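Peer 1: model23.txt is reproduced below (compact mmCIF, C-alpha atoms and all ligand atoms).
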```txt
# COMPACT_ATOMS: atom_id res chain seq x y z
CA MET E 1 117.82 69.62 114.44
CA GLY E 2 114.24 68.91 113.50
CA ARG E 3 112.90 71.22 116.17
CA TYR E 4 109.33 72.24 115.59
CA GLN E 5 107.50 74.81 117.59
CA PRO E 6 104.12 73.81 119.09
CA LYS E 7 102.75 76.51 116.84
CA THR E 8 104.02 74.62 113.80
CA VAL E 9 102.56 71.30 114.88
CA LEU E 10 99.21 72.92 115.58
CA LEU E 11 99.19 74.52 112.17
CA GLY E 12 100.03 71.17 110.57
CA LEU E 13 97.22 69.45 112.40
CA ALA E 14 94.78 72.14 111.42
CA VAL E 15 95.67 71.84 107.73
CA ALA E 16 95.43 68.05 107.96
CA MET E 17 92.00 68.17 109.63
CA ALA E 18 90.79 70.60 107.01
CA ALA E 19 92.02 68.26 104.28
CA ILE E 20 90.22 65.27 105.84
CA LEU E 21 86.99 67.19 106.19
CA LEU E 22 87.23 68.44 102.64
CA THR E 23 87.91 64.98 101.13
CA VAL E 24 85.23 63.27 103.20
CA ALA E 25 82.80 66.02 102.26
CA LEU E 26 83.67 65.42 98.63
CA GLY E 27 82.81 61.74 99.07
CA ALA E 28 86.30 60.28 99.02
CA SER E 29 87.16 57.02 100.76
CA LEU E 30 88.76 56.81 104.18
CA LEU E 31 92.04 55.75 102.58
CA LEU E 32 92.14 58.92 100.50
CA SER E 33 91.38 60.92 103.61
CA VAL E 34 94.31 59.40 105.44
CA LEU E 35 96.54 60.12 102.47
CA ALA E 36 95.25 63.69 102.54
CA LEU E 37 96.14 63.83 106.26
CA PHE E 38 99.72 62.93 105.48
CA ALA E 39 99.95 65.27 102.54
CA GLY E 40 98.46 68.11 104.57
CA ALA E 41 100.77 67.57 107.50
CA ALA E 42 103.78 67.33 105.24
CA SER E 43 102.98 70.52 103.39
CA ALA E 44 102.23 72.41 106.59
CA LEU E 45 105.53 71.41 108.10
CA PHE E 46 107.31 72.32 104.93
CA ILE E 47 105.69 75.74 104.72
CA THR E 48 106.33 76.66 108.32
CA ARG E 49 109.92 75.44 108.22
CA ARG E 50 110.60 77.56 105.18
CA ALA E 51 108.82 80.51 106.74
CA SER E 52 110.85 80.33 109.94
CA GLY E 53 114.01 80.63 107.83
CA GLU E 54 115.52 77.46 109.24
CA ALA E 55 118.43 76.25 107.12
CA GLU E 56 118.12 72.88 105.37
CA VAL E 57 120.56 70.46 106.92
CA ALA E 58 121.82 67.73 104.63
CA ASP E 59 122.32 65.01 107.22
CA GLU E 60 118.89 65.43 108.69
CA ALA E 61 116.65 62.43 108.12
CA PRO E 62 113.40 63.43 106.43
CA ILE E 63 110.58 63.48 108.94
CA ILE E 64 107.87 62.58 106.46
CA ALA E 65 108.51 61.00 103.06
CA ALA E 66 107.31 62.63 99.87
CA PRO E 67 103.93 61.30 98.70
CA PRO E 68 104.49 57.88 97.08
CA ILE E 69 104.94 57.86 93.34
CA GLU E 70 102.87 55.24 91.55
CA ALA E 71 105.19 52.43 90.47
CA ALA E 72 103.17 50.87 87.65
CA PRO E 73 103.51 53.65 85.03
CA ILE E 74 107.23 53.89 85.76
CA LEU E 75 107.72 50.15 85.35
CA ASP E 76 105.64 50.28 82.16
CA ALA E 77 108.00 52.88 80.74
CA VAL E 78 110.96 50.49 81.08
CA GLU E 79 111.58 48.45 77.91
CA ASP E 80 112.90 45.38 79.71
CA PRO E 81 110.33 42.99 81.18
CA LEU E 82 110.14 43.58 84.95
CA LEU E 83 108.26 41.62 87.61
CA LEU E 84 107.81 42.60 91.21
CA VAL E 85 107.62 39.39 93.20
CA ARG E 86 106.54 39.07 96.84
CA GLU E 87 107.14 35.64 98.35
CA ARG E 88 106.49 33.75 95.13
CA ARG E 89 103.66 35.79 93.78
CA VAL E 90 103.91 38.29 90.93
CA VAL E 91 102.42 41.45 92.43
CA LEU E 92 103.29 43.73 89.53
CA ALA E 93 104.31 43.03 85.92
CA ASN E 94 105.18 45.83 83.53
CA ALA E 95 103.83 46.08 79.99
CA ALA E 96 106.97 44.52 78.46
CA ALA E 97 106.72 41.53 80.80
CA ARG E 98 103.05 41.02 79.95
CA ALA E 99 103.86 41.25 76.22
CA VAL E 100 106.60 38.61 76.47
CA LEU E 101 105.19 36.29 79.14
CA GLY E 102 101.46 36.75 78.59
CA GLU E 103 98.70 38.67 80.35
CA HIS E 104 98.06 35.79 82.76
CA ILE E 105 101.18 36.50 84.81
CA ALA E 106 99.64 39.16 87.05
CA ASP E 107 99.09 37.60 90.48
CA ALA E 108 100.41 34.23 89.29
CA ASP E 109 103.03 32.08 90.94
CA VAL E 110 106.32 33.33 89.53
CA ARG E 111 107.31 29.83 88.42
CA LEU E 112 104.23 29.75 86.20
CA ALA E 113 104.87 33.27 84.97
CA ILE E 114 108.38 32.43 83.74
CA ARG E 115 108.10 28.85 82.61
CA HIS E 116 111.75 27.96 82.45
CA PRO E 117 113.53 25.37 84.63
CA ALA E 118 116.56 27.55 85.38
CA ALA E 119 114.35 30.53 86.25
CA ALA E 120 112.05 28.39 88.40
CA GLU E 121 115.00 27.06 90.35
CA ARG E 122 116.40 30.51 90.96
CA LEU E 123 113.04 32.00 91.94
CA ALA E 124 111.86 29.10 94.08
CA ASN E 125 114.36 29.98 96.73
CA VAL E 126 112.72 32.99 98.32
CA ALA E 127 115.56 33.58 100.74
CA GLU E 128 118.37 33.35 98.23
CA ALA E 129 120.67 36.33 98.22
CA GLU E 130 121.25 38.31 95.04
CA ALA E 131 123.31 36.35 92.58
CA SER E 132 124.64 37.04 89.12
CA GLY E 133 122.19 36.86 86.23
CA ILE E 134 121.33 33.63 84.49
CA GLU E 135 120.73 33.04 80.81
CA LEU E 136 117.30 31.91 79.63
CA LEU E 137 116.71 30.62 76.12
CA GLY E 138 113.43 30.38 74.28
CA ILE E 139 111.10 32.66 76.23
CA GLY E 140 108.87 34.76 73.92
CA GLY E 141 110.22 33.00 70.80
CA SER E 142 112.48 30.02 70.26
CA GLU E 143 115.50 32.06 69.22
CA ARG E 144 115.29 34.69 71.94
CA ARG E 145 117.85 34.88 74.68
CA TRP E 146 117.41 36.69 77.96
CA GLU E 147 119.47 37.41 81.00
CA MET E 148 117.43 37.18 84.19
CA SER E 149 118.64 39.13 87.20
CA VAL E 150 116.98 39.36 90.59
CA ALA E 151 117.35 42.32 92.93
CA ARG E 152 116.08 42.27 96.49
CA LEU E 153 114.19 45.39 97.60
CA PRO E 154 114.37 46.77 101.16
CA ASP E 155 110.91 45.39 102.02
CA GLY E 156 111.89 41.85 101.04
CA ALA E 157 110.15 41.84 97.65
CA ARG E 158 112.20 40.87 94.63
CA LEU E 159 112.50 42.71 91.34
CA VAL E 160 113.02 40.26 88.49
CA ARG E 161 114.40 41.78 85.34
CA LEU E 162 114.78 40.16 81.93
CA THR E 163 117.31 41.77 79.59
CA ASP E 164 117.08 40.88 75.90
CA ARG E 165 120.43 39.46 74.84
CA SER E 166 119.26 38.15 71.43
CA ARG E 167 120.95 40.87 69.37
CA VAL E 168 124.20 40.82 71.31
CA HIS E 169 124.24 37.07 70.99
CA ALA E 170 123.53 37.21 67.24
CA ALA E 171 126.39 39.71 66.78
CA GLU E 172 128.77 37.47 68.74
CA GLN E 173 127.66 34.48 66.69
CA MET E 174 128.24 36.40 63.46
CA ARG E 175 131.75 37.32 64.54
CA THR E 176 132.58 33.73 65.45
CA ASP E 177 131.12 32.43 62.16
CA PHE E 178 133.01 35.07 60.23
CA ILE E 179 136.38 34.10 61.71
CA ALA E 180 135.64 30.41 61.16
CA ASN E 181 134.58 31.06 57.53
CA ALA E 182 137.54 33.31 56.76
CA SER E 183 139.99 30.74 58.15
CA HIS E 184 138.32 27.99 56.19
CA GLU E 185 138.36 29.99 52.94
CA LEU E 186 142.10 30.63 53.32
CA ARG E 187 143.00 27.19 54.56
CA THR E 188 141.66 25.38 51.49
CA PRO E 189 143.88 27.09 48.88
CA LEU E 190 146.78 27.07 51.31
CA ALA E 191 146.47 23.29 51.68
CA THR E 192 146.52 22.95 47.87
CA VAL E 193 149.64 25.11 47.55
CA LEU E 194 151.45 23.19 50.28
CA GLY E 195 150.43 19.86 48.75
CA PHE E 196 151.88 20.71 45.34
CA LEU E 197 155.01 22.23 46.86
CA GLU E 198 155.58 19.01 48.73
CA THR E 199 155.14 17.01 45.53
CA LEU E 200 157.67 19.18 43.71
CA LEU E 201 160.15 18.98 46.58
CA ASP E 202 159.80 15.20 46.75
CA ASP E 203 160.34 14.82 43.03
CA PRO E 204 162.83 17.39 41.76
CA ASP E 205 163.07 15.56 38.43
CA ALA E 206 159.35 15.71 37.61
CA PRO E 207 158.71 16.19 33.89
CA PRO E 208 158.46 19.87 32.88
CA GLU E 209 154.77 19.56 31.82
CA ALA E 210 153.76 18.26 35.25
CA ARG E 211 155.90 20.91 36.94
CA ASN E 212 154.27 23.67 34.94
CA ARG E 213 150.80 22.33 35.67
CA PHE E 214 151.52 22.27 39.39
CA LEU E 215 153.02 25.76 39.30
CA LYS E 216 149.94 27.07 37.47
CA ILE E 217 147.61 25.57 40.10
CA MET E 218 149.73 27.01 42.91
CA PHE E 219 149.70 30.41 41.22
CA ASP E 220 145.89 30.35 40.88
CA GLU E 221 145.39 29.28 44.48
CA ALA E 222 147.79 31.94 45.77
CA THR E 223 145.97 34.53 43.63
CA ARG E 224 142.68 33.45 45.21
CA MET E 225 144.17 33.84 48.67
CA ARG E 226 145.39 37.32 47.79
CA GLN E 227 141.91 38.22 46.54
CA ILE E 228 140.29 37.01 49.78
CA VAL E 229 142.78 38.97 51.87
CA ASN E 230 142.28 42.09 49.72
CA ASP E 231 138.50 41.82 50.06
CA LEU E 232 138.77 41.33 53.83
CA ILE E 233 140.99 44.40 54.13
CA SER E 234 138.52 46.41 51.99
CA LEU E 235 135.63 45.29 54.12
CA SER E 236 137.31 46.24 57.38
CA ARG E 237 138.38 49.65 55.99
CA ILE E 238 134.84 50.40 54.82
CA GLU E 239 133.45 49.31 58.19
CA ALA E 240 135.95 51.50 60.03
CA GLU E 241 134.74 54.52 58.02
CA ARG E 242 131.07 53.77 58.24
CA TYR E 243 130.24 56.83 60.35
CA THR E 244 132.13 59.35 58.21
CA LEU E 245 129.87 60.57 55.48
CA PRO E 246 131.51 60.99 52.08
CA THR E 247 131.16 64.64 51.07
CA GLU E 248 132.92 64.93 47.71
CA PRO E 249 130.65 65.55 44.70
CA VAL E 250 131.06 62.53 42.43
CA ASP E 251 129.55 62.13 38.98
CA LEU E 252 128.36 58.55 38.58
CA LEU E 253 128.65 58.48 34.76
CA PRO E 254 132.47 58.67 34.58
CA VAL E 255 132.67 56.18 37.46
CA LEU E 256 130.57 53.74 35.44
CA SER E 257 132.61 54.24 32.25
CA GLU E 258 135.71 53.50 34.25
CA VAL E 259 134.11 50.31 35.59
CA ASP E 260 133.42 49.40 31.95
CA ASN E 261 137.15 49.86 31.16
CA THR E 262 138.34 47.87 34.17
CA LEU E 263 136.14 44.93 33.26
CA GLU E 264 137.08 44.93 29.58
CA ASN E 265 138.65 41.47 29.77
CA VAL E 266 135.67 39.91 31.54
CA VAL E 267 133.33 41.49 28.96
CA LYS E 268 135.39 39.92 26.15
CA ASP E 269 135.54 36.61 27.94
CA ARG E 270 131.77 36.46 28.31
CA LYS E 271 131.15 37.84 24.81
CA SER E 272 129.01 40.45 26.46
CA GLU E 273 128.75 44.22 26.52
CA ILE E 274 127.92 46.82 29.14
CA ARG E 275 125.17 49.29 28.22
CA ILE E 276 125.05 52.44 30.32
CA GLU E 277 121.72 54.30 30.20
CA ASN E 278 121.12 57.58 31.98
CA LEU E 279 117.45 58.54 32.49
CA ALA E 280 118.17 60.79 35.47
CA GLY E 281 119.74 63.96 34.01
CA GLU E 282 122.28 65.08 36.59
CA THR E 283 124.11 62.16 38.15
CA LEU E 284 126.06 63.84 40.96
CA ILE E 285 126.10 62.34 44.42
CA PRO E 286 128.13 63.02 47.56
CA GLY E 287 130.49 60.09 47.50
CA ASP E 288 133.82 58.40 47.80
CA PRO E 289 134.93 57.80 44.17
CA ALA E 290 137.15 54.78 44.89
CA GLN E 291 134.43 53.06 46.92
CA LEU E 292 131.76 53.81 44.30
CA HIS E 293 134.03 52.31 41.67
CA GLN E 294 134.41 49.22 43.84
CA LEU E 295 130.65 48.99 44.43
CA PHE E 296 129.71 49.11 40.75
CA SER E 297 132.58 46.93 39.55
CA ASN E 298 131.49 44.23 42.01
CA LEU E 299 127.90 44.40 40.77
CA VAL E 300 128.75 44.55 37.08
CA ALA E 301 131.31 41.73 37.46
CA ASN E 302 128.61 39.58 39.11
CA ALA E 303 126.18 40.40 36.30
CA LEU E 304 128.80 39.42 33.71
CA LYS E 305 129.98 36.27 35.49
CA TYR E 306 126.60 34.93 36.58
CA GLY E 307 124.70 36.36 33.61
CA ARG E 308 124.21 34.50 30.36
CA GLU E 309 127.13 34.42 27.98
CA GLY E 310 126.64 36.61 24.93
CA ARG E 311 123.90 38.71 26.57
CA PRO E 312 124.45 42.35 27.56
CA VAL E 313 124.54 43.83 31.03
CA THR E 314 122.54 47.05 31.41
CA VAL E 315 123.39 49.75 33.94
CA ARG E 316 120.49 52.19 34.17
CA ILE E 317 120.45 55.40 36.22
CA GLU E 318 117.03 56.77 37.13
CA ASN E 319 115.53 59.24 39.54
CA SER E 320 113.86 57.76 42.57
CA GLY E 321 111.92 60.68 43.99
CA PRO E 322 113.51 64.14 44.16
CA GLU E 323 116.32 63.18 46.52
CA MET E 324 117.54 59.77 45.41
CA LEU E 325 119.16 58.23 42.37
CA LYS E 326 118.57 54.58 41.57
CA VAL E 327 121.18 52.61 39.65
CA ASP E 328 120.00 49.26 38.32
CA VAL E 329 122.49 46.62 37.26
CA ILE E 330 120.51 44.21 35.09
CA ASP E 331 121.60 40.87 33.71
CA GLU E 332 119.87 38.19 31.68
CA GLY E 333 121.27 35.20 33.56
CA GLU E 334 119.66 32.22 35.22
CA GLY E 335 118.56 34.25 38.21
CA ILE E 336 118.66 33.39 41.88
CA ALA E 337 116.11 31.26 43.79
CA PRO E 338 114.06 33.39 46.22
CA GLU E 339 115.29 31.58 49.36
CA HIS E 340 118.85 32.81 48.74
CA LEU E 341 117.99 36.48 48.20
CA PRO E 342 117.91 37.61 51.86
CA ARG E 343 121.31 36.01 52.57
CA LEU E 344 123.32 37.17 49.53
CA THR E 345 124.94 40.11 51.33
CA GLU E 346 126.25 37.91 54.17
CA ARG E 347 129.99 37.45 54.11
CA PHE E 348 131.06 34.32 52.22
CA TYR E 349 127.48 33.43 51.29
CA ARG E 350 127.28 31.94 47.79
CA VAL E 351 124.48 30.18 45.97
CA ASP E 352 126.92 27.81 44.30
CA ALA E 353 130.35 27.90 45.96
CA GLY E 354 132.00 25.83 43.23
CA ARG E 355 130.78 28.12 40.48
CA SER E 356 131.75 31.23 42.44
CA ARG E 357 135.29 29.89 42.95
CA SER E 358 135.61 28.92 39.31
CA VAL E 359 134.95 32.54 38.30
CA GLY E 360 137.36 33.91 40.93
CA GLY E 361 134.69 34.87 43.47
CA THR E 362 135.38 35.22 47.19
CA GLY E 363 131.77 35.48 48.43
CA LEU E 364 132.57 38.92 49.83
CA GLY E 365 131.55 41.09 46.86
CA LEU E 366 127.96 41.81 47.87
CA ALA E 367 128.91 42.29 51.54
CA ILE E 368 131.31 45.00 50.36
CA VAL E 369 128.59 46.51 48.12
CA LYS E 370 126.14 46.64 51.02
CA HIS E 371 128.63 48.34 53.32
CA ILE E 372 129.62 50.94 50.73
CA ALA E 373 125.95 51.71 49.98
CA GLY E 374 125.32 52.03 53.73
CA ARG E 375 128.21 54.45 54.21
CA HIS E 376 126.69 56.59 51.42
CA LEU E 377 123.32 56.53 53.23
CA GLY E 378 122.02 54.38 50.41
CA ARG E 379 120.49 50.94 50.24
CA LEU E 380 120.39 47.84 48.12
CA ASP E 381 117.54 45.88 46.62
CA ILE E 382 118.00 42.57 44.78
CA ARG E 383 115.24 41.13 42.61
CA SER E 384 115.56 38.04 40.49
CA THR E 385 113.39 35.85 38.32
CA GLN E 386 114.72 32.42 37.60
CA GLY E 387 115.27 31.91 33.90
CA ILE E 388 114.93 35.66 33.20
CA GLY E 389 117.69 37.42 35.13
CA THR E 390 118.67 39.49 38.11
CA THR E 391 118.40 43.22 38.84
CA VAL E 392 120.37 44.76 41.66
CA SER E 393 119.23 48.32 42.47
CA VAL E 394 121.37 50.72 44.44
CA TYR E 395 119.62 53.79 45.87
CA LEU E 396 121.92 56.72 46.63
CA PRO E 397 121.12 60.26 47.85
CA ARG E 398 121.70 62.93 45.20
CA TRP E 399 124.10 65.81 45.55
CA THR E 400 122.07 68.74 46.90
CA GLY E 401 124.70 71.41 46.37
CA ALA E 402 125.50 71.98 50.03
CA LEU E 403 128.16 70.02 51.86
CA SER E 404 126.28 67.93 54.35
N1 LIG W 1 123.79 38.70 39.07
C1 LIG W 1 123.76 37.53 39.72
N2 LIG W 1 123.12 36.46 39.18
C2 LIG W 1 123.10 35.27 39.82
N3 LIG W 1 123.69 35.05 41.01
C3 LIG W 1 124.34 36.07 41.58
C4 LIG W 1 124.41 37.36 40.98
N4 LIG W 1 125.12 38.17 41.80
C5 LIG W 1 125.48 37.41 42.84
N5 LIG W 1 125.01 36.16 42.73
C6 LIG W 1 125.17 35.06 43.72
O1 LIG W 1 125.48 35.65 44.96
C7 LIG W 1 126.69 35.11 45.49
C8 LIG W 1 127.42 36.17 46.28
O2 LIG W 1 127.90 37.18 45.43
P1 LIG W 1 129.22 37.94 45.82
O3 LIG W 1 129.06 38.42 47.23
O4 LIG W 1 129.53 38.94 44.78
O5 LIG W 1 130.32 36.79 45.87
P2 LIG W 1 131.14 36.10 44.72
O6 LIG W 1 130.76 36.70 43.42
O7 LIG W 1 132.55 36.39 45.07
O8 LIG W 1 130.81 34.66 44.85
C9 LIG W 1 127.44 34.59 44.29
O9 LIG W 1 128.29 33.54 44.64
C10 LIG W 1 126.31 34.12 43.38
O10 LIG W 1 125.93 32.82 43.78
MG MG W 2 131.00 38.84 43.24
```
Please rewrite the model in this file as structure tokens.
Peer 2:
Amino acid sequence: MGRYQPKTVLLGLAVAMAAILLTVALGASLLLSVLALFAGAASALFITRRASGEAEVADEAPIIAAPPIEAAPILDAVEDPLLLVRERRVVLANAAARAVLGEHIADADVRLAIRHPAAAERLANVAEAEASGIELLGIGGSERRWEMSVARLPDGARLVRLTDRSRVHAAEQMRTDFIANASHELRTPLATVLGFLETLLDDPDAPPEARNRFLKIMFDEATRMRQIVNDLISLSRIEAERYTLPTEPVDLLPVLSEVDNTLENVVKDRKSEIRIENLAGETLIPGDPAQLHQLFSNLVANALKYGREGRPVTVRIENSGPEMLKVDVIDEGEGIAPEHLPRLTERFYRVDAGRSRSVGGTGLGLAIVKHIAGRHLGRLDIRSTQGIGTTVSVYLPRWTGALS
């Protein structure tokens, strides 16, 4: 295969010479002229091969490679930091690498470019064969984590790639924390129940008042455990459904009146009242009625429990632009210090754990609220002024008539 007629070669040479003459005449450098020679020869060969009707043969090695593609723009288009290293010198660094490591890295010694002991050790050994990636902590920000992998290219250069593992790591950390927190939350009441059971078993003739007191404590602790388990189940169900949009038209007003009914006892307890105000007109949204009930009962229960005794809780529905409804749940409690606000929707996060427990809280209420709002393509906003009160706003897309 790969047979070329003298005629073909001559034609190729002629095209190449013409290309050289043309580029030199146009004032191009010798390098460009040589490139033109190659390009000309390649195209001539290609044209004549096609013209002679010779079939392409798959196993035939290409005679002349395609013109080289410039590497820099391609590397720049990759989001991961990439360095092309020859011997120990950085010969090319993409835009992401320059952004993370600094502009100075071009042409620098690679150990200065990535100032990290583990990276320096790996990169110092020019001859080292490819190995699995290593983890680097603290480059481009103290909390950032990277995986560095090194691939050897056919010409001996090395391609160093940093993959951002910060988010994956944060997700793993959250999962571990969550399991630790959930176990801890359940273990505490369980220990109390077991302790009192032991006492009762050890002393079967305990006076009835003491017995009843112990039984009451055990009942309360068991109830708390059931509440935690119920909230955890809710949370995992809502998470499992997070990609299925609710499509049923739900009127928020009856949902809110129902929340009012469910919380009747808490309202009495706190000598409060729930005022529902509708400033929006139509209050239909595409929703999941049970989840919306859960969302607003969590918020209103918080407003009642952490609000000031004897003061009302206001639930106000307003329009927020043409497509969204905003529901504010407003209390007149002590408020929340600003440093806690960003963390309130984390699972088991409480400002005052003792107080939360004493009012039957699990620390999961706002996490559930956030997930339900998210599933409804909505969002949450919490504002609070200490000494004045807290307003939690839930933004939800309106019902537009068509099933989305
Ligand atoms: N309206 C509010 N006023 C003051 N603090 C609040 C309010 N709502 C929530 N919080 C604080 O946020 C924490 C988390 O709320 P939540 O997730 O509902 O858990 P829980 O009520 O079970 O403790 C509460 O423990 C409380 O400290
Ligand atoms: Mg709560």
Peer 1: What residues have any atom no more than 10 Å from ligand MG 2 (chain W) when counting all atoms listed in the file, and can you list them as a list in words?
Peer 2: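 Answer in the requested format: Ser297, Asn298, Leu299, Val300, Ala301, Asn302, Ala303, Leu304, Lys305, Tyr306, Arg350, Ser356, Arg357, Val359, Gly360, Gly361, Thr362, Gly363, Leu364, Gly365, Leu366, Ala367, Ile368 and Val369 of chain E.
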Peer 1: Asp107 in chain E: which residues within 6 Å, counting only C-alpha atoms, same-chain residues fewer than 2 positions away excluded, as an mmCIF file with C-alpha atoms, in the coordinates of the input?
Peer 2:
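This went into result-v4.cif:
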```cif
data_model
loop_
_atom_site.group_PDB
_atom_site.id
_atom_site.type_symbol
_atom_site.label_atom_id
_atom_site.label_comp_id
_atom_site.auth_asym_id
_atom_site.auth_seq_id
_atom_site.Cartn_x
_atom_site.Cartn_y
_atom_site.Cartn_z
ATOM 1 C CA ARG E 89 103.660 35.790 93.780
ATOM 2 C CA VAL E 90 103.910 38.290 90.930
ATOM 3 C CA VAL E 91 102.420 41.450 92.430
#
```
Peer 1: Between CA of Arg88 in chain E and CA of Asp109 in chain E, what distance in Å does the model show, to one decimal?
Peer 2: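 Taking CA of Arg88 in chain E and CA of Asp109 in chain E, their separation equals 5.7 Å.
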Peer 1: Between CA of Thr390 in chain E and atom N1 of ligand LIG 1 (chain W), what is the distance in Å, rounded to a tenth?
Peer 2: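 One can read the CA of Thr390 in chain E to atom N1 of ligand LIG 1 (chain W) distance as 5.3 Å.
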Peer 1: Nearest to ligand LIG 1 (chain W): which of E:Gln227, E:Thr283, E:Ser320, E:Ser257 is it, counting all atoms listed in the file?
Peer 2: E:Gln227
Peer 1: With all atoms listed in the file as the basis for distance, which of E:Arg187, E:Lys271, E:Arg316, E:His340 is at the shortest distance from ligand LIG 1 (chain W)?
Peer 2: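 Among the listed residues, the smallest separation from ligand LIG 1 (chain W) belongs to E:His340.
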Peer 1: Which polymer residues, whether protein, DNA or RNA, lie within 12 Å of the coordinate (144.4, 38.6, 47.7) when you count all atoms listed in the file? List them as a list of chain:residue names, using the chain letters and numbers from the file.
Peer 2: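 Residues satisfying the cut-off, written out: E:Glu185, E:Leu186, E:Pro189, E:Phe219, E:Asp220, E:Glu221, E:Ala222, E:Thr223, E:Arg224, E:Met225, E:Arg226, E:Gln227, E:Ile228, E:Val229, E:Asn230, E:Asp231, E:Leu232, E:Ile233, E:Ser234, E:Gly360, E:Gly361, E:Thr362.
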Peer 1: If you measure from CA of Lys216 in chain E to CA of Phe196 in chain E, what distance in Å do you get, rounded to one decimal?
Peer 2: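 One can read the CA of Lys216 in chain E to CA of Phe196 in chain E distance as 10.3 Å.
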Peer 1: Tell me, as a PyMOL selection string, which residues lie within 10 Å of range 130-145 of chain E, counting all atoms listed in the file; anything in the same chain fewer than 6 positions away does not count.
Peer 2: chain E and resi 97+99-102+114-119+122+151-152+158+161-170
Peer 1: Find the residue from E:Thr345, E:Asn278, E:Ser393, E:Thr192 that sits nearest to ligand LIG 1 (chain W); use only C-alpha atoms and all ligand atoms when measuring.
Peer 2: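 Once distances to ligand LIG 1 (chain W) are computed over only C-alpha atoms and all ligand atoms, the minimum belongs to E:Thr345.
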Peer 1: Using all atoms listed in the file, which residues sit within 9 Å of range 309-314 of chain E once same-chain residues fewer than 3 positions away are excluded, as a PyMOL selection string?
Peer 2: chain E and resi 269-277+300+303-306+328-333
Peer 1: When distances are computed from all atoms listed in the file, which of E:Asp352, E:Glu318, E:Asp381, E:Asp80 shows the smallest separation from ligand LIG 1 (chain W)?
Peer 2: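 The closest residue to ligand LIG 1 (chain W) is E:Asp352.
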Peer 1: Could you tell me which of E:Leu396, E:Ala77, E:Ala120, E:Ala353 comes closest to ligand LIG 1 (chain W) if we count all atoms listed in the file?
Peer 2: E:Ala353
